[in-house]
$ cat start35.cif   # mmCIF, C-alpha atoms
data_upload
#
loop_
_atom_site.label_atom_id
_atom_site.label_comp_id
_atom_site.auth_asym_id
_atom_site.auth_seq_id
_atom_site.Cartn_x
_atom_site.Cartn_y
_atom_site.Cartn_z
CA MET P 1 37.38 -8.98 -16.52
CA PRO P 2 37.58 -11.35 -13.54
CA LYS P 3 35.28 -10.80 -10.58
CA MET P 4 36.93 -8.96 -7.72
CA THR P 5 36.21 -9.90 -4.16
CA LEU P 6 35.86 -7.29 -1.46
CA LEU P 7 39.22 -8.39 -0.09
CA ALA P 8 40.87 -7.95 -3.51
CA MET P 9 39.41 -4.44 -3.80
CA VAL P 10 40.62 -3.54 -0.30
CA GLN P 11 44.10 -4.90 -1.06
CA ASP P 12 44.22 -2.94 -4.34
CA ILE P 13 43.19 0.31 -2.66
CA LEU P 14 45.61 -0.18 0.25
CA ASN P 15 48.40 -0.89 -2.25
CA ASP P 16 47.64 2.35 -4.12
CA MET P 17 47.74 4.19 -0.78
CA ASP P 18 51.15 2.64 0.07
CA SER P 19 49.55 1.13 3.18
CA ASP P 20 50.34 -2.15 4.92
CA GLU P 21 49.63 -5.39 3.05
CA VAL P 22 46.74 -7.43 4.45
CA ASN P 23 45.56 -11.02 4.02
CA SER P 24 42.19 -10.35 5.64
CA ILE P 25 39.95 -7.32 5.92
CA ASN P 26 40.22 -7.67 9.69
CA ASP P 27 44.04 -7.41 9.68
CA THR P 28 44.02 -3.63 10.22
CA VAL P 29 41.58 -0.89 11.16
CA GLU P 30 42.48 0.85 7.90
CA ALA P 31 41.49 -2.26 5.90
CA GLN P 32 38.15 -2.37 7.72
CA GLN P 33 37.56 1.31 6.94
CA VAL P 34 38.37 0.82 3.25
CA ALA P 35 36.04 -2.21 3.13
CA GLN P 36 33.24 -0.15 4.67
CA VAL P 37 33.69 2.60 2.05
CA VAL P 38 33.69 0.03 -0.78
CA GLN P 39 30.52 -1.63 0.55
CA THR P 40 28.72 1.69 1.05
CA THR P 41 29.67 2.82 -2.45
CA TYR P 42 28.49 -0.48 -3.94
CA PHE P 43 25.08 -0.29 -2.27
CA ASN P 44 24.67 3.36 -3.29
CA ILE P 45 25.38 2.44 -6.91
CA MET P 46 22.96 -0.52 -6.81
CA GLU P 47 20.14 1.54 -5.30
CA ASN P 48 20.39 4.51 -7.66
CA GLY P 49 17.40 3.32 -9.67
CA ARG P 50 19.30 1.96 -12.65
CA ALA P 51 18.00 -1.31 -14.05
CA TRP P 52 20.91 -3.63 -13.25
CA PRO P 53 20.17 -6.94 -15.02
CA HIS P 54 22.12 -9.03 -12.49
CA LEU P 55 19.68 -7.94 -9.77
CA GLU P 56 16.68 -9.41 -11.62
CA GLN P 57 15.52 -12.68 -10.07
CA LEU P 58 12.55 -14.97 -9.64
CA PHE P 59 10.69 -14.83 -6.33
CA GLN P 60 7.38 -15.77 -4.74
CA LEU P 61 4.91 -13.60 -2.89
CA GLU P 62 4.02 -14.31 0.73
CA ALA P 63 0.42 -15.15 1.58
CA ALA P 64 -1.35 -12.63 3.78
CA THR P 65 -4.23 -13.22 6.19
CA VAL P 66 -7.55 -14.99 5.67
CA ALA P 67 -9.28 -11.65 6.31
CA LYS P 68 -7.57 -10.34 3.17
CA PRO P 69 -7.50 -13.31 0.78
CA ILE P 70 -6.39 -11.21 -2.21
CA TYR P 71 -3.41 -9.55 -0.48
CA MET P 72 0.10 -10.97 -0.82
CA LYS P 73 3.25 -9.49 0.70
CA LEU P 74 6.28 -8.63 -1.38
CA PRO P 75 9.59 -9.91 0.00
CA ASP P 76 11.38 -7.06 1.79
CA ASP P 77 14.30 -7.05 -0.64
CA VAL P 78 12.22 -6.62 -3.82
CA GLN P 79 12.81 -3.20 -5.33
CA GLU P 80 10.64 -3.54 -8.46
CA VAL P 81 8.15 -6.12 -9.77
CA LEU P 82 8.53 -6.79 -13.49
CA TRP P 83 5.85 -9.47 -13.84
CA VAL P 84 3.56 -11.70 -11.78
CA LYS P 85 2.10 -15.09 -12.67
CA TYR P 86 -0.45 -17.13 -10.75
CA ASN P 87 -1.47 -20.77 -11.13
CA LYS P 88 -4.96 -20.49 -12.61
CA ARG P 89 -5.66 -24.21 -12.46
CA THR P 90 -9.32 -24.93 -11.76
CA VAL P 91 -10.74 -27.85 -9.78
CA ASP P 92 -11.30 -29.73 -13.07
CA ASP P 93 -7.74 -29.23 -14.38
CA VAL P 94 -5.06 -31.86 -13.94
CA ASP P 95 -2.06 -29.71 -14.89
CA ASP P 96 -0.86 -26.39 -13.53
CA LYS P 97 -1.76 -23.32 -15.60
CA MET P 98 0.68 -20.55 -14.76
CA ALA P 99 -0.57 -17.37 -16.39
CA LYS P 100 0.46 -13.75 -16.28
CA VAL P 101 -1.58 -11.44 -14.07
CA LEU P 102 -1.81 -7.95 -15.56
CA TYR P 103 -0.64 -4.89 -13.65
CA LYS P 104 -3.06 -2.00 -13.27
CA THR P 105 -2.34 1.36 -11.68
CA PRO P 106 -4.22 1.84 -8.40
CA GLN P 107 -6.68 4.14 -10.20
CA GLU P 108 -7.33 1.60 -12.99
CA PHE P 109 -7.62 -1.22 -10.45
CA MET P 110 -10.17 0.66 -8.36
CA HIS P 111 -12.18 1.47 -11.49
CA ILE P 112 -12.38 -2.27 -12.28
CA VAL P 113 -13.35 -3.47 -8.77
CA ASP P 114 -15.72 -0.54 -8.14
CA ALA P 115 -17.68 -1.46 -11.29
CA ARG P 116 -18.62 -4.85 -9.80
CA ASN P 117 -22.00 -5.51 -8.21
CA SER P 118 -21.25 -5.92 -4.50
CA SER P 119 -24.46 -7.90 -3.95
CA ALA P 120 -23.63 -10.53 -6.58
CA SER P 121 -23.17 -14.07 -5.25
CA ASN P 122 -19.64 -14.30 -6.67
CA VAL P 123 -18.44 -11.02 -5.12
CA VAL P 124 -17.11 -10.47 -1.63
CA THR P 125 -16.33 -7.07 -0.15
CA ILE P 126 -12.85 -6.74 1.38
CA LEU P 127 -12.03 -3.80 3.62
CA ASP P 128 -8.63 -2.26 2.91
CA ASP P 129 -6.56 -0.86 5.80
CA SER P 130 -7.49 2.62 4.55
CA GLY P 131 -11.19 1.86 5.08
CA VAL P 132 -11.96 1.60 1.36
CA THR P 133 -13.96 -1.44 0.23
CA LEU P 134 -12.87 -3.64 -2.67
CA ASN P 135 -15.39 -5.77 -4.61
CA ILE P 136 -13.53 -9.01 -5.24
CA LEU P 137 -14.61 -11.91 -7.45
CA THR P 138 -14.53 -15.29 -5.68
CA ASP P 139 -15.04 -17.66 -8.61
CA VAL P 140 -12.04 -17.00 -10.85
CA ALA P 141 -8.26 -16.82 -10.47
CA PRO P 142 -6.68 -13.35 -10.46
CA THR P 143 -6.65 -11.31 -13.67
CA TYR P 144 -5.28 -7.99 -12.39
CA PHE P 145 -3.01 -6.77 -9.61
CA THR P 146 -1.83 -3.49 -8.15
CA SER P 147 -0.09 -2.15 -5.07
CA PHE P 148 -1.28 0.72 -2.92
CA ASP P 149 1.79 0.79 -0.64
CA ASN P 150 4.68 -1.06 -2.36
CA ASP P 151 4.58 -3.66 0.44
CA TYR P 152 1.54 -5.69 -0.61
CA ILE P 153 0.30 -6.85 -4.00
CA VAL P 154 -3.51 -6.73 -4.21
CA PHE P 155 -5.35 -8.97 -6.68
CA ASP P 156 -8.82 -8.49 -8.12
CA SER P 157 -10.08 -12.04 -7.50
CA TYR P 158 -9.48 -15.55 -6.23
CA ASP P 159 -11.13 -18.88 -6.96
CA SER P 160 -12.59 -20.01 -3.63
CA ALA P 161 -13.20 -23.52 -5.04
CA VAL P 162 -9.42 -23.91 -5.44
CA ASP P 163 -7.99 -21.48 -2.87
CA ALA P 164 -10.52 -21.90 -0.07
CA THR P 165 -9.26 -19.14 2.24
CA ASN P 166 -6.73 -17.00 0.36
CA LEU P 167 -4.25 -16.87 -2.51
CA GLN P 168 -1.31 -19.24 -2.02
CA SER P 169 2.39 -18.35 -2.05
CA SER P 170 3.28 -21.64 -3.74
CA LYS P 171 1.10 -20.71 -6.72
CA THR P 172 2.98 -17.49 -7.51
CA GLN P 173 5.86 -16.87 -9.86
CA CYS P 174 7.27 -13.37 -9.94
CA TYR P 175 10.24 -11.69 -11.51
CA GLY P 176 11.78 -8.44 -10.44
CA ARG P 177 14.74 -6.49 -9.13
CA ARG P 178 16.03 -7.34 -5.69
CA ILE P 179 18.18 -5.17 -3.48
CA PRO P 180 21.58 -6.84 -3.03
#

$ encode --input "start35.cif" --output "C-alpha cells"
Amino acid sequence: MPKMTLLAMVQDILNDMDSDEVNSINDTVEAQQVAQVVQTTYFNIMENGRAWPHLEQLFQLEAATVAKPIYMKLPDDVQEVLWVKYNKRTVDDVDDKMAKVLYKTPQEFMHIVDARNSSASNVVTILDDSGVTLNILTDVAPTYFTSFDNDYIVFDSYDSAVDATNLQSSKTQCYGRRIP
C-alpha cells in the first residue's frame, strides 16, 4: 500500500463527503478542519502505548551538570528506552568499547548504590533532587542505570580518569520509541 500524505487523506475524505476539491490543505476552512482531525487521530493512535516499530530510533542522552556527573537527560520526545550503551573505553584503550548498561528498577538501583562504602576513596556521594544520597563509583564506567522521574537517566558510576567532570553525551548510544 503506498504511503498517503496528509493532503491525500484530506482530499480522500473531502471527496467522500462530496465537498469541494482542494489542491492544498489551506484551500478551504473545511480542508483545514479535516486535516486537524486526521492529525489529532494520528497522534492519539501513536501515543496509545502500542509498540509501533517505526517509532523506534537511535538517540543520544544529553549531559547534565557537573554537580550530578551520573545524570543524563532523555530527549523530550523519547517515550520509552529499550537499551542504553556507553563507551567504556579506559585511558589505556585505543579503540572505543561500546557496551550495554543494564537497567535496574529504582529499588534495585538503590539497593546496589546503598551497599557501597561511602567513605571509600573510589566513591563519591551525589545528592539527588529529592535529598537522597547516592554512593557512586568514580573509577569505572557505568554498569547500571535507572530513572526516578522519566526525564533523567541515572547511572551507578563514571570513570573520572576518562570523564573528568561528568558522563558525556557523545559516548552514549540509546535505542527507544520516540513520539512522532

$ closest_residue --input "start35.cif" --among "P:Tyr103, P:Ala31, P:Asp12, P:Thr138" --to "Ser118 (chain P)" --atoms "only C-alpha atoms"
P:Thr138

$ residues_around --input "start35.cif" --residues "region 54-59 of chain P" --least-positions-apart "3" --cutoff "6 Å" --atoms "all atoms listed in the file" --output "PyMOL selection string"
chain P and resi 174-178

$ residues_around --input "start35.cif" --residues "Val66 (chain P)" --least-positions-apart "5" --cutoff "10 Å" --atoms "all atoms listed in the file" --output "NGL selection string"
:P and (71 or 164-167)

$ closest_residue --input "start35.cif" --among "P:Met72, P:Ala115, P:Leu82, P:Ile45" --to "Phe155 (chain P)" --atoms "all atoms listed in the file"
P:Met72

$ residues_around --input "start35.cif" --residues "Ile13 (chain P)" --least-positions-apart "5" --cutoff "10 Å" --atoms "all atoms listed in the file" --output "list in words"
Leu7, Ala8, Asp18, Ser19, Ala31, Val34, Ala35 and Val38 of chain P

$ closest_atom_pairs --input "start35.cif" --of "region 68-114 of chain P" --to "region 122-125 of chain P" --cutoff "12 Å" --atoms "all atoms listed in the file" --output "CSV"
residue,atom,partner,partner_atom,distance
P:Lys68,CA,P:Thr125,CA,9.9
P:Pro69,CA,P:Val124,CA,10.3
P:Ile70,CA,P:Val124,CA,10.8
P:Val113,CA,P:Thr125,CA,9.8
P:Asp114,CA,P:Thr125,CA,10.3

$ atom_distance --input "start35.cif" --atom1 "CA of Gly131 (chain P)" --atom2 "CA of Ile112 (chain P)"
17.9 Å

$ resolve_selection --input "start35.cif" --expression "the PyMOL selection byres ((chain P and resi 77) around 6)" --output "VMD selection string"
chain P and resid 75 to 76 78 178 to 179

$ atom_distance --input "start35.cif" --atom1 "CA of Thr146 (chain P)" --atom2 "CA of Arg89 (chain P)"
21.5 Å

$ resolve_selection --input "start35.cif" --expression "the PyMOL selection byres ((chain P and resi 159) around 7)" --output "list in words"
Thr138, Asp139, Val140, Ala141, Ser157, Tyr158, Ser160, Ala161, Val162 and Asp163 of chain P

$ residues_around --input "start35.cif" --residues "Thr28 (chain P)" --least-positions-apart "5" --cutoff "12 Å" --atoms "all atoms listed in the file" --output "PyMOL selection string"
chain P and resi 10-11+14+19-23+33-35

$ atom_distance --input "start35.cif" --atom1 "CA of Phe43 (chain P)" --atom2 "CA of Thr5 (chain P)"
14.8 Å

$ residues_around --input "start35.cif" --residues "Gln36 (chain P)" --least-positions-apart "4" --cutoff "10 Å" --atoms "all atoms listed in the file" --output "list in words"
Leu6, Val10, Ile25, Glu30, Ala31, Gln32, Thr40, Thr41 and Tyr42 of chain P

$ closest_atom_pairs --input "start35.cif" --of "region 149-174 of chain P" --to "region 61-64 of chain P" --cutoff "7 Å" --atoms "all atoms listed in the file" --output "JSON lines"
{"residue": "P:Leu167", "atom": "CA", "partner": "P:Ala63", "partner_atom": "CA", "distance": 6.4}
{"residue": "P:Gln168", "atom": "CA", "partner": "P:Ala63", "partner_atom": "CA", "distance": 5.7}
{"residue": "P:Ser169", "atom": "CA", "partner": "P:Glu62", "partner_atom": "CA", "distance": 5.2}
{"residue": "P:Thr172", "atom": "CA", "partner": "P:Leu61", "partner_atom": "CA", "distance": 6.3}

$ resolve_selection --input "start35.cif" --expression "the PyMOL selection byres ((chain P and resi 101) around 8)" --output "number ranges by chain"
P: 83-86, 99-100, 102-103, 142-145

$ write_last_selection --input "start35.cif" --atoms "C-alpha atoms" --output "mmCIF file, in the coordinates of the input"
data_model
loop_
_atom_site.group_PDB
_atom_site.id
_atom_site.type_symbol
_atom_site.label_atom_id
_atom_site.label_comp_id
_atom_site.auth_asym_id
_atom_site.auth_seq_id
_atom_site.Cartn_x
_atom_site.Cartn_y
_atom_site.Cartn_z
ATOM 1 C CA TRP P 83 5.850 -9.470 -13.840
ATOM 2 C CA VAL P 84 3.560 -11.700 -11.780
ATOM 3 C CA LYS P 85 2.100 -15.090 -12.670
ATOM 4 C CA TYR P 86 -0.450 -17.130 -10.750
ATOM 5 C CA ALA P 99 -0.570 -17.370 -16.390
ATOM 6 C CA LYS P 100 0.460 -13.750 -16.280
ATOM 7 C CA LEU P 102 -1.810 -7.950 -15.560
ATOM 8 C CA TYR P 103 -0.640 -4.890 -13.650
ATOM 9 C CA PRO P 142 -6.680 -13.350 -10.460
ATOM 10 C CA THR P 143 -6.650 -11.310 -13.670
ATOM 11 C CA TYR P 144 -5.280 -7.990 -12.390
ATOM 12 C CA PHE P 145 -3.010 -6.770 -9.610
#

$ closest_residue --input "start35.cif" --among "P:Met110, P:Val37, P:Ile153, P:Met4" --to "Ile136 (chain P)" --atoms "all atoms listed in the file"
P:Met110

$ closest_residue --input "start35.cif" --among "P:Asp27, P:Asp95, P:Glu80, P:Asp16" --to "Asn150 (chain P)" --atoms "only C-alpha atoms"
P:Glu80

$ decode --input "start35.cif" --residues "region 1-139 of chain P" --atoms "C-alpha atoms" --output "PDB file, in the first residue's frame"
ATOM      1  CA  MET P   1       0.000   0.000   0.000  1.00  0.00           C
ATOM      2  CA  PRO P   2       1.517   3.358  -0.971  1.00  0.00           C
ATOM      3  CA  LYS P   3       2.136   5.957   1.719  1.00  0.00           C
ATOM      4  CA  MET P   4      -0.576   8.575   1.927  1.00  0.00           C
ATOM      5  CA  THR P   5       0.267  12.172   2.607  1.00  0.00           C
ATOM      6  CA  LEU P   6      -1.887  14.314   4.839  1.00  0.00           C
ATOM      7  CA  LEU P   7      -3.088  16.158   1.744  1.00  0.00           C
ATOM      8  CA  ALA P   8      -4.083  12.874   0.060  1.00  0.00           C
ATOM      9  CA  MET P   9      -6.042  11.838   3.159  1.00  0.00           C
ATOM     10  CA  VAL P  10      -7.799  15.209   3.309  1.00  0.00           C
ATOM     11  CA  GLN P  11      -8.654  15.025  -0.402  1.00  0.00           C
ATOM     12  CA  ASP P  12      -9.999  11.474   0.023  1.00  0.00           C
ATOM     13  CA  ILE P  13     -12.186  12.445   2.985  1.00  0.00           C
ATOM     14  CA  LEU P  14     -13.469  15.597   1.261  1.00  0.00           C
ATOM     15  CA  ASN P  15     -14.292  13.523  -1.830  1.00  0.00           C
ATOM     16  CA  ASP P  16     -16.283  11.045   0.279  1.00  0.00           C
ATOM     17  CA  MET P  17     -18.144  13.996   1.824  1.00  0.00           C
ATOM     18  CA  ASP P  18     -18.958  15.413  -1.651  1.00  0.00           C
ATOM     19  CA  SER P  19     -17.095  18.585  -0.664  1.00  0.00           C
ATOM     20  CA  ASP P  20     -15.080  20.951  -2.841  1.00  0.00           C
ATOM     21  CA  GLU P  21     -11.872  19.634  -4.415  1.00  0.00           C
ATOM     22  CA  VAL P  22      -8.668  21.107  -2.991  1.00  0.00           C
ATOM     23  CA  ASN P  23      -5.047  21.227  -4.130  1.00  0.00           C
ATOM     24  CA  SER P  24      -3.770  22.389  -0.741  1.00  0.00           C
ATOM     25  CA  ILE P  25      -4.934  21.920   2.820  1.00  0.00           C
ATOM     26  CA  ASN P  26      -5.172  25.705   3.071  1.00  0.00           C
ATOM     27  CA  ASP P  27      -7.601  25.993   0.128  1.00  0.00           C
ATOM     28  CA  THR P  28     -10.693  25.844   2.371  1.00  0.00           C
ATOM     29  CA  VAL P  29     -11.572  26.048   6.048  1.00  0.00           C
ATOM     30  CA  GLU P  30     -13.195  22.631   5.723  1.00  0.00           C
ATOM     31  CA  ALA P  31      -9.924  21.134   4.418  1.00  0.00           C
ATOM     32  CA  GLN P  32      -8.050  22.641   7.379  1.00  0.00           C
ATOM     33  CA  GLN P  33     -10.612  21.165   9.785  1.00  0.00           C
ATOM     34  CA  VAL P  34     -10.339  17.705   8.202  1.00  0.00           C
ATOM     35  CA  ALA P  35      -6.523  17.927   8.354  1.00  0.00           C
ATOM     36  CA  GLN P  36      -6.698  18.808  12.056  1.00  0.00           C
ATOM     37  CA  VAL P  37      -8.940  15.790  12.770  1.00  0.00           C
ATOM     38  CA  VAL P  38      -6.596  13.480  10.823  1.00  0.00           C
ATOM     39  CA  GLN P  39      -3.533  14.798  12.688  1.00  0.00           C
ATOM     40  CA  THR P  40      -5.213  14.531  16.102  1.00  0.00           C
ATOM     41  CA  THR P  41      -6.350  10.987  15.348  1.00  0.00           C
ATOM     42  CA  TYR P  42      -2.855  10.006  14.178  1.00  0.00           C
ATOM     43  CA  PHE P  43      -1.178  11.309  17.334  1.00  0.00           C
ATOM     44  CA  ASN P  44      -3.790   9.617  19.543  1.00  0.00           C
ATOM     45  CA  ILE P  45      -3.123   6.294  17.814  1.00  0.00           C
ATOM     46  CA  MET P  46       0.667   6.711  18.119  1.00  0.00           C
ATOM     47  CA  GLU P  47       0.506   7.566  21.825  1.00  0.00           C
ATOM     48  CA  ASN P  48      -1.815   4.741  22.872  1.00  0.00           C
ATOM     49  CA  GLY P  49       1.080   2.719  24.265  1.00  0.00           C
ATOM     50  CA  ARG P  50       1.343   0.208  21.440  1.00  0.00           C
ATOM     51  CA  ALA P  51       4.872  -0.694  20.401  1.00  0.00           C
ATOM     52  CA  TRP P  52       4.980   0.768  16.887  1.00  0.00           C
ATOM     53  CA  PRO P  53       8.247  -0.440  15.305  1.00  0.00           C
ATOM     54  CA  HIS P  54       8.555   2.584  13.009  1.00  0.00           C
ATOM     55  CA  LEU P  55       8.845   4.834  16.070  1.00  0.00           C
ATOM     56  CA  GLU P  56      11.958   3.017  17.337  1.00  0.00           C
ATOM     57  CA  GLN P  57      15.124   5.017  16.715  1.00  0.00           C
ATOM     58  CA  LEU P  58      18.667   5.576  17.897  1.00  0.00           C
ATOM     59  CA  PHE P  59      19.327   8.633  20.058  1.00  0.00           C
ATOM     60  CA  GLN P  60      21.866  10.062  22.483  1.00  0.00           C
ATOM     61  CA  LEU P  61      21.384  11.257  26.029  1.00  0.00           C
ATOM     62  CA  GLU P  62      22.130  14.851  26.983  1.00  0.00           C
ATOM     63  CA  ALA P  63      24.829  15.510  29.572  1.00  0.00           C
ATOM     64  CA  ALA P  64      23.618  17.056  32.807  1.00  0.00           C
ATOM     65  CA  THR P  65      25.548  19.266  35.225  1.00  0.00           C
ATOM     66  CA  VAL P  66      28.956  18.779  36.821  1.00  0.00           C
ATOM     67  CA  ALA P  67      27.213  18.650  40.214  1.00  0.00           C
ATOM     68  CA  LYS P  68      25.454  15.490  39.015  1.00  0.00           C
ATOM     69  CA  PRO P  69      28.031  13.686  36.861  1.00  0.00           C
ATOM     70  CA  ILE P  70      25.966  10.486  36.618  1.00  0.00           C
ATOM     71  CA  TYR P  71      22.731  12.154  35.451  1.00  0.00           C
ATOM     72  CA  MET P  72      21.867  12.387  31.758  1.00  0.00           C
ATOM     73  CA  LYS P  73      18.693  13.900  30.313  1.00  0.00           C
ATOM     74  CA  LEU P  74      16.424  11.976  27.982  1.00  0.00           C
ATOM     75  CA  PRO P  75      15.404  13.859  24.834  1.00  0.00           C
ATOM     76  CA  ASP P  76      11.892  15.261  25.307  1.00  0.00           C
ATOM     77  CA  ASP P  77      10.405  13.139  22.530  1.00  0.00           C
ATOM     78  CA  VAL P  78      11.565   9.758  23.888  1.00  0.00           C
ATOM     79  CA  GLN P  79       8.610   7.719  25.069  1.00  0.00           C
ATOM     80  CA  GLU P  80      10.443   4.525  26.081  1.00  0.00           C
ATOM     81  CA  VAL P  81      14.092   3.479  26.404  1.00  0.00           C
ATOM     82  CA  LEU P  82      14.762  -0.016  25.064  1.00  0.00           C
ATOM     83  CA  TRP P  83      18.518  -0.122  25.658  1.00  0.00           C
ATOM     84  CA  VAL P  84      21.462   2.089  26.615  1.00  0.00           C
ATOM     85  CA  LYS P  85      25.134   1.692  25.735  1.00  0.00           C
ATOM     86  CA  TYR P  86      28.086   3.708  26.983  1.00  0.00           C
ATOM     87  CA  ASN P  87      31.652   3.898  25.692  1.00  0.00           C
ATOM     88  CA  LYS P  88      33.598   2.079  28.403  1.00  0.00           C
ATOM     89  CA  ARG P  89      36.998   2.833  26.904  1.00  0.00           C
ATOM     90  CA  THR P  90      39.653   3.314  29.577  1.00  0.00           C
ATOM     91  CA  VAL P  91      42.651   5.646  29.429  1.00  0.00           C
ATOM     92  CA  ASP P  92      44.801   2.707  28.246  1.00  0.00           C
ATOM     93  CA  ASP P  93      42.442   1.660  25.415  1.00  0.00           C
ATOM     94  CA  VAL P  94      42.963   2.800  21.849  1.00  0.00           C
ATOM     95  CA  ASP P  95      39.567   1.752  20.475  1.00  0.00           C
ATOM     96  CA  ASP P  96      36.060   2.606  21.614  1.00  0.00           C
ATOM     97  CA  LYS P  97      34.298  -0.052  23.700  1.00  0.00           C
ATOM     98  CA  MET P  98      30.569   0.497  23.437  1.00  0.00           C
ATOM     99  CA  ALA P  99      28.878  -1.788  25.953  1.00  0.00           C
ATOM    100  CA  LYS P 100      25.352  -2.228  27.174  1.00  0.00           C
ATOM    101  CA  VAL P 101      24.464  -0.666  30.510  1.00  0.00           C
ATOM    102  CA  LEU P 102      21.918  -2.762  32.395  1.00  0.00           C
ATOM    103  CA  TYR P 103      18.591  -1.333  33.511  1.00  0.00           C
ATOM    104  CA  LYS P 104      17.629  -1.702  37.156  1.00  0.00           C
ATOM    105  CA  THR P 105      14.356  -0.679  38.747  1.00  0.00           C
ATOM    106  CA  PRO P 106      14.753   2.283  41.117  1.00  0.00           C
ATOM    107  CA  GLN P 107      14.502  -0.108  44.078  1.00  0.00           C
ATOM    108  CA  GLU P 108      17.187  -2.446  42.679  1.00  0.00           C
ATOM    109  CA  PHE P 109      19.401   0.515  41.774  1.00  0.00           C
ATOM    110  CA  MET P 110      19.168   1.994  45.264  1.00  0.00           C
ATOM    111  CA  HIS P 111      19.979  -1.393  46.790  1.00  0.00           C
ATOM    112  CA  ILE P 112      23.191  -1.517  44.711  1.00  0.00           C
ATOM    113  CA  VAL P 113      24.393   2.045  45.438  1.00  0.00           C
ATOM    114  CA  ASP P 114      23.353   1.931  49.113  1.00  0.00           C
ATOM    115  CA  ALA P 115      25.530  -1.167  49.620  1.00  0.00           C
ATOM    116  CA  ARG P 116      28.672   0.816  48.733  1.00  0.00           C
ATOM    117  CA  ASN P 117      31.033   2.188  51.369  1.00  0.00           C
ATOM    118  CA  SER P 118      30.571   5.963  51.191  1.00  0.00           C
ATOM    119  CA  SER P 119      33.993   6.569  52.765  1.00  0.00           C
ATOM    120  CA  ALA P 120      35.881   4.530  50.156  1.00  0.00           C
ATOM    121  CA  SER P 121      38.346   6.507  48.029  1.00  0.00           C
ATOM    122  CA  ASN P 122      36.611   5.472  44.793  1.00  0.00           C
ATOM    123  CA  VAL P 123      33.111   6.512  45.943  1.00  0.00           C
ATOM    124  CA  VAL P 124      31.571   9.958  45.791  1.00  0.00           C
ATOM    125  CA  THR P 125      28.228  10.867  47.338  1.00  0.00           C
ATOM    126  CA  ILE P 126      25.793  12.623  44.986  1.00  0.00           C
ATOM    127  CA  LEU P 127      22.732  14.366  46.372  1.00  0.00           C
ATOM    128  CA  ASP P 128      19.575  13.698  44.362  1.00  0.00           C
ATOM    129  CA  ASP P 129      16.960  16.465  43.992  1.00  0.00           C
ATOM    130  CA  SER P 130      14.815  14.540  46.489  1.00  0.00           C
ATOM    131  CA  GLY P 131      17.536  14.865  49.133  1.00  0.00           C
ATOM    132  CA  VAL P 132      18.546  11.191  48.949  1.00  0.00           C
ATOM    133  CA  THR P 133      22.265  10.448  48.658  1.00  0.00           C
ATOM    134  CA  LEU P 134      23.678   8.095  46.032  1.00  0.00           C
ATOM    135  CA  ASN P 135      27.048   6.352  46.523  1.00  0.00           C
ATOM    136  CA  ILE P 136      28.640   6.480  43.086  1.00  0.00           C
ATOM    137  CA  LEU P 137      31.821   4.742  41.938  1.00  0.00           C
ATOM    138  CA  THR P 138      34.338   7.083  40.281  1.00  0.00           C
ATOM    139  CA  ASP P 139      36.816   4.585  38.845  1.00  0.00           C
TER     140      ASP P 139
END
